[in-house]
Amino acid sequence: MFIFCIEGKKTSIHTKISQGEKVIHAQLIGMMSRQMRLSKGDFDHFVDCTLTGDGYRAKMIESGHVIP
């Protein structure tokens, strides 16, 4: 289970990765992107590491999902 923390405090944003899965199927990608409050495109960027942790944090603050 991965929980997004900001300034050392847990947020309601979380997702889980199954250790047995080698391929993430489209349905699971949809679930994980919703849990992370990202569009599928942004989720793809996150997985590809073109959306950095700082970029993700900024997106969550800008969209109002978290308040620093």
# chains A, B, ... in the order shown; residues from 1 in each chain; ligands from 1

call {"tool": "residues_around", "arguments": {"residues": "Tyr56 of chain A", "least_positions_apart": "3", "cutoff": "12 Å", "atoms": "only C-alpha atoms", "output": "list in words"}}
result
Phe4, Cys5, Ile6, Ile13, Met36, Arg37, Leu38, Ser39, Asp42, Phe43, His45, Phe46, Val47, Cys49, Thr50, Leu51, Thr52, Gly53, Lys59, Met60, Ile61, Glu62, Ser63, His65 and Val66 of chain A

call {"tool": "write_last_selection", "arguments": {"atoms": "N, CA and C atoms", "output": "mmCIF file, in the first residue's frame"}}
result
data_model
loop_
_atom_site.group_PDB
_atom_site.id
_atom_site.type_symbol
_atom_site.label_atom_id
_atom_site.label_comp_id
_atom_site.auth_asym_id
_atom_site.auth_seq_id
_atom_site.Cartn_x
_atom_site.Cartn_y
_atom_site.Cartn_z
ATOM 1 N N PHE A 4 0.123 8.705 0.002
ATOM 2 C CA PHE A 4 0.763 9.975 -0.294
ATOM 3 C C PHE A 4 0.780 10.827 0.969
ATOM 4 N N CYS A 5 1.974 11.232 1.374
ATOM 5 C CA CYS A 5 2.156 12.089 2.541
ATOM 6 C C CYS A 5 2.675 13.440 2.089
ATOM 7 N N ILE A 6 2.235 14.474 2.765
ATOM 8 C CA ILE A 6 2.712 15.812 2.465
ATOM 9 C C ILE A 6 3.082 16.468 3.784
ATOM 10 N N ILE A 13 -5.014 10.088 -0.223
ATOM 11 C CA ILE A 13 -4.584 9.562 -1.511
ATOM 12 C C ILE A 13 -3.712 8.331 -1.281
ATOM 13 N N MET A 36 -5.124 7.745 -7.236
ATOM 14 C CA MET A 36 -4.058 8.742 -7.134
ATOM 15 C C MET A 36 -4.516 10.129 -7.583
ATOM 16 N N ARG A 37 -5.804 10.242 -7.960
ATOM 17 C CA ARG A 37 -6.405 11.505 -8.396
ATOM 18 C C ARG A 37 -5.731 12.051 -9.653
ATOM 19 N N LEU A 38 -5.373 11.150 -10.578
ATOM 20 C CA LEU A 38 -4.712 11.530 -11.822
ATOM 21 C C LEU A 38 -5.537 11.076 -13.018
ATOM 22 N N SER A 39 -5.406 11.801 -14.123
ATOM 23 C CA SER A 39 -5.974 11.322 -15.386
ATOM 24 C C SER A 39 -5.120 10.135 -15.831
ATOM 25 N N ASP A 42 -1.826 11.451 -17.125
ATOM 26 C CA ASP A 42 -0.908 11.848 -16.055
ATOM 27 C C ASP A 42 -0.373 10.633 -15.318
ATOM 28 N N PHE A 43 -1.224 9.607 -15.147
ATOM 29 C CA PHE A 43 -0.770 8.381 -14.497
ATOM 30 C C PHE A 43 0.331 7.724 -15.326
ATOM 31 N N HIS A 45 2.401 9.257 -17.277
ATOM 32 C CA HIS A 45 3.601 10.073 -17.070
ATOM 33 C C HIS A 45 4.246 9.757 -15.720
ATOM 34 N N PHE A 46 3.422 9.536 -14.703
ATOM 35 C CA PHE A 46 3.940 9.202 -13.370
ATOM 36 C C PHE A 46 4.703 7.882 -13.421
ATOM 37 N N VAL A 47 4.113 6.881 -14.068
ATOM 38 C CA VAL A 47 4.751 5.558 -14.170
ATOM 39 C C VAL A 47 6.035 5.643 -14.984
ATOM 40 N N CYS A 49 7.957 8.112 -15.093
ATOM 41 C CA CYS A 49 8.846 9.032 -14.358
ATOM 42 C C CYS A 49 9.036 10.376 -15.064
ATOM 43 N N THR A 50 8.120 10.733 -15.977
ATOM 44 C CA THR A 50 8.179 12.067 -16.560
ATOM 45 C C THR A 50 7.345 13.049 -15.738
ATOM 46 N N LEU A 51 6.495 12.537 -14.853
ATOM 47 C CA LEU A 51 5.835 13.344 -13.831
ATOM 48 C C LEU A 51 6.558 13.020 -12.530
ATOM 49 N N THR A 52 7.323 13.981 -12.035
ATOM 50 C CA THR A 52 8.144 13.754 -10.847
ATOM 51 C C THR A 52 7.294 13.802 -9.582
ATOM 52 N N GLY A 53 7.886 13.420 -8.487
ATOM 53 C CA GLY A 53 7.213 13.528 -7.197
ATOM 54 C C GLY A 53 6.822 14.964 -6.892
ATOM 55 N N LYS A 59 0.536 19.153 -8.537
ATOM 56 C CA LYS A 59 -0.770 18.863 -9.131
ATOM 57 C C LYS A 59 -1.830 18.647 -8.057
ATOM 58 N N MET A 60 -1.478 17.933 -7.009
ATOM 59 C CA MET A 60 -2.439 17.652 -5.951
ATOM 60 C C MET A 60 -2.813 18.925 -5.193
ATOM 61 N N ILE A 61 -1.853 19.808 -5.003
ATOM 62 C CA ILE A 61 -2.131 21.077 -4.324
ATOM 63 C C ILE A 61 -2.975 21.980 -5.232
ATOM 64 N N GLU A 62 -2.569 22.106 -6.505
ATOM 65 C CA GLU A 62 -3.287 22.964 -7.452
ATOM 66 C C GLU A 62 -4.735 22.523 -7.654
ATOM 67 N N SER A 63 -4.962 21.210 -7.654
ATOM 68 C CA SER A 63 -6.303 20.694 -7.874
ATOM 69 C C SER A 63 -7.143 20.693 -6.600
ATOM 70 N N HIS A 65 -6.767 18.693 -4.013
ATOM 71 C CA HIS A 65 -6.875 17.370 -3.378
ATOM 72 C C HIS A 65 -6.152 17.325 -2.032
ATOM 73 N N VAL A 66 -5.117 18.145 -1.884
ATOM 74 C CA VAL A 66 -4.413 18.249 -0.596
ATOM 75 C C VAL A 66 -4.149 19.716 -0.310
#

call {"tool": "select_by_dssp", "arguments": {"residues": "chain A", "states": "strand (DSSP E or B)", "output": "PyMOL selection string"}}
result
chain A and resi 2-6+9-15

call {"tool": "atom_distance", "arguments": {"atom1": "atom CA of Ser12 of chain A", "atom2": "atom CA of Ile29 of chain A"}}
result
18.6 Å

call {"tool": "residues_around", "arguments": {"residues": "segment 14-28 of chain A", "least_positions_apart": "2", "cutoff": "10 Å", "atoms": "only C-alpha atoms", "output": "compact mmCIF listing (two decimals) with N, CA and C atoms, in the first residue's frame"}}
result
# COMPACT_ATOMS: atom_id res chain seq x y z
N MET A 1 0.86 -1.17 0.00
CA MET A 1 0.00 0.00 0.00
C MET A 1 0.90 1.23 0.00
N PHE A 2 0.61 2.14 -0.89
CA PHE A 2 1.34 3.40 -0.96
C PHE A 2 0.39 4.52 -0.55
N ILE A 3 0.81 5.33 0.40
CA ILE A 3 0.02 6.45 0.90
C ILE A 3 0.79 7.73 0.63
N PHE A 4 0.12 8.71 0.00
CA PHE A 4 0.76 9.98 -0.29
C PHE A 4 0.78 10.83 0.97
N CYS A 5 1.97 11.23 1.37
CA CYS A 5 2.16 12.09 2.54
C CYS A 5 2.68 13.44 2.09
N LYS A 10 -0.12 12.01 6.51
CA LYS A 10 -0.81 11.16 5.55
C LYS A 10 -1.99 11.91 4.95
N THR A 11 -2.26 11.64 3.67
CA THR A 11 -3.44 12.17 3.01
C THR A 11 -4.38 11.01 2.70
N SER A 12 -5.52 11.31 2.11
CA SER A 12 -6.46 10.26 1.74
C SER A 12 -6.08 9.61 0.41
N GLY A 30 -6.88 2.08 -14.54
CA GLY A 30 -7.97 3.02 -14.27
C GLY A 30 -8.22 3.19 -12.79
N MET A 31 -8.24 2.09 -12.06
CA MET A 31 -8.46 2.15 -10.61
C MET A 31 -7.34 2.91 -9.92
N MET A 32 -6.10 2.59 -10.28
CA MET A 32 -4.96 3.23 -9.63
C MET A 32 -4.90 4.72 -9.96
N SER A 33 -5.20 5.09 -11.20
CA SER A 33 -5.15 6.51 -11.56
C SER A 33 -6.23 7.28 -10.80
N ARG A 34 -7.42 6.70 -10.65
CA ARG A 34 -8.48 7.36 -9.86
C ARG A 34 -8.06 7.48 -8.39
N GLN A 35 -7.48 6.43 -7.83
CA GLN A 35 -7.04 6.47 -6.44
C GLN A 35 -5.97 7.55 -6.23
N MET A 36 -5.12 7.75 -7.24
CA MET A 36 -4.06 8.74 -7.13
C MET A 36 -4.52 10.13 -7.58
N ARG A 37 -5.80 10.24 -7.96
CA ARG A 37 -6.41 11.50 -8.40
C ARG A 37 -5.73 12.05 -9.65
N LYS A 40 -5.64 9.35 -16.77
CA LYS A 40 -4.86 8.22 -17.26
C LYS A 40 -3.55 8.69 -17.88

call {"tool": "select_by_dssp", "arguments": {"residues": "chain A", "states": "alpha helix (DSSP H)", "output": "list in words"}}
result
Ala26, Gln27, Leu28, Ile29, Gly30, Met31, Met32, Ser33, Arg34, Gln35, Lys40, Gly41, Asp42, Phe43, Asp44, His45, Phe46, Val47, Gly53, Asp54, Gly55, Tyr56, Arg57, Ala58, Lys59, Met60, Ile61 and Glu62 of chain A

call {"tool": "write_last_selection", "arguments": {"atoms": "N, CA, C and O atoms", "output": "short mmCIF file (atom, residue, chain, number, x, y, z; two decimals), in the first residue's frame"}}
result
data_model
loop_
_atom_site.label_atom_id
_atom_site.label_comp_id
_atom_site.auth_asym_id
_atom_site.auth_seq_id
_atom_site.Cartn_x
_atom_site.Cartn_y
_atom_site.Cartn_z
N ALA A 26 -5.55 -2.74 -18.04
CA ALA A 26 -6.24 -1.45 -18.22
C ALA A 26 -7.20 -1.14 -17.08
O ALA A 26 -7.26 0.00 -16.61
N GLN A 27 -7.94 -2.13 -16.61
CA GLN A 27 -8.89 -1.90 -15.52
C GLN A 27 -8.15 -1.48 -14.25
O GLN A 27 -8.57 -0.55 -13.56
N LEU A 28 -7.05 -2.12 -13.96
CA LEU A 28 -6.26 -1.78 -12.78
C LEU A 28 -5.61 -0.41 -12.93
O LEU A 28 -5.54 0.36 -11.97
N ILE A 29 -5.16 -0.07 -14.13
CA ILE A 29 -4.59 1.26 -14.39
C ILE A 29 -5.65 2.32 -14.10
O ILE A 29 -5.37 3.33 -13.46
N GLY A 30 -6.88 2.08 -14.54
CA GLY A 30 -7.97 3.02 -14.27
C GLY A 30 -8.22 3.19 -12.79
O GLY A 30 -8.39 4.31 -12.30
N MET A 31 -8.24 2.09 -12.06
CA MET A 31 -8.46 2.15 -10.61
C MET A 31 -7.34 2.91 -9.92
O MET A 31 -7.58 3.77 -9.07
N MET A 32 -6.10 2.59 -10.28
CA MET A 32 -4.96 3.23 -9.63
C MET A 32 -4.90 4.72 -9.96
O MET A 32 -4.61 5.54 -9.08
N SER A 33 -5.20 5.09 -11.20
CA SER A 33 -5.15 6.51 -11.56
C SER A 33 -6.23 7.28 -10.80
O SER A 33 -5.98 8.39 -10.33
N ARG A 34 -7.42 6.70 -10.65
CA ARG A 34 -8.48 7.36 -9.86
C ARG A 34 -8.06 7.48 -8.39
O ARG A 34 -8.27 8.52 -7.76
N GLN A 35 -7.48 6.43 -7.83
CA GLN A 35 -7.04 6.47 -6.44
C GLN A 35 -5.97 7.55 -6.23
O GLN A 35 -5.93 8.17 -5.18
N LYS A 40 -5.64 9.35 -16.77
CA LYS A 40 -4.86 8.22 -17.26
C LYS A 40 -3.55 8.69 -17.88
O LYS A 40 -2.50 8.10 -17.66
N GLY A 41 -3.61 9.81 -18.61
CA GLY A 41 -2.40 10.36 -19.22
C GLY A 41 -1.37 10.76 -18.19
O GLY A 41 -0.18 10.47 -18.32
N ASP A 42 -1.83 11.45 -17.13
CA ASP A 42 -0.91 11.85 -16.05
C ASP A 42 -0.37 10.63 -15.32
O ASP A 42 0.79 10.59 -14.91
N PHE A 43 -1.22 9.61 -15.15
CA PHE A 43 -0.77 8.38 -14.50
C PHE A 43 0.33 7.72 -15.33
O PHE A 43 1.34 7.28 -14.78
N ASP A 44 0.15 7.70 -16.65
CA ASP A 44 1.18 7.15 -17.53
C ASP A 44 2.49 7.93 -17.37
O ASP A 44 3.57 7.33 -17.32
N HIS A 45 2.40 9.26 -17.28
CA HIS A 45 3.60 10.07 -17.07
C HIS A 45 4.25 9.76 -15.72
O HIS A 45 5.47 9.72 -15.60
N PHE A 46 3.42 9.54 -14.70
CA PHE A 46 3.94 9.20 -13.37
C PHE A 46 4.70 7.88 -13.42
O PHE A 46 5.82 7.79 -12.92
N VAL A 47 4.11 6.88 -14.07
CA VAL A 47 4.75 5.56 -14.17
C VAL A 47 6.03 5.64 -14.98
O VAL A 47 7.03 5.00 -14.66
N GLY A 53 7.89 13.42 -8.49
CA GLY A 53 7.21 13.53 -7.20
C GLY A 53 6.82 14.96 -6.89
O GLY A 53 5.72 15.23 -6.40
N ASP A 54 7.73 15.90 -7.18
CA ASP A 54 7.42 17.32 -6.97
C ASP A 54 6.29 17.78 -7.88
O ASP A 54 5.43 18.55 -7.47
N GLY A 55 6.30 17.28 -9.12
CA GLY A 55 5.23 17.62 -10.05
C GLY A 55 3.89 17.07 -9.59
O GLY A 55 2.86 17.74 -9.70
N TYR A 56 3.91 15.85 -9.07
CA TYR A 56 2.69 15.23 -8.54
C TYR A 56 2.17 16.03 -7.35
O TYR A 56 0.99 16.34 -7.26
N ARG A 57 3.07 16.38 -6.47
CA ARG A 57 2.70 17.17 -5.28
C ARG A 57 2.05 18.49 -5.71
O ARG A 57 1.00 18.87 -5.20
N ALA A 58 2.66 19.17 -6.68
CA ALA A 58 2.12 20.43 -7.16
C ALA A 58 0.73 20.23 -7.77
O ALA A 58 -0.18 21.04 -7.53
N LYS A 59 0.54 19.15 -8.54
CA LYS A 59 -0.77 18.86 -9.13
C LYS A 59 -1.83 18.65 -8.06
O LYS A 59 -2.95 19.12 -8.18
N MET A 60 -1.48 17.93 -7.01
CA MET A 60 -2.44 17.65 -5.95
C MET A 60 -2.81 18.92 -5.19
O MET A 60 -3.97 19.11 -4.81
N ILE A 61 -1.85 19.81 -5.00
CA ILE A 61 -2.13 21.08 -4.32
C ILE A 61 -2.98 21.98 -5.23
O ILE A 61 -3.98 22.54 -4.79
N GLU A 62 -2.57 22.11 -6.50
CA GLU A 62 -3.29 22.96 -7.45
C GLU A 62 -4.73 22.52 -7.65
O GLU A 62 -5.62 23.35 -7.80
#
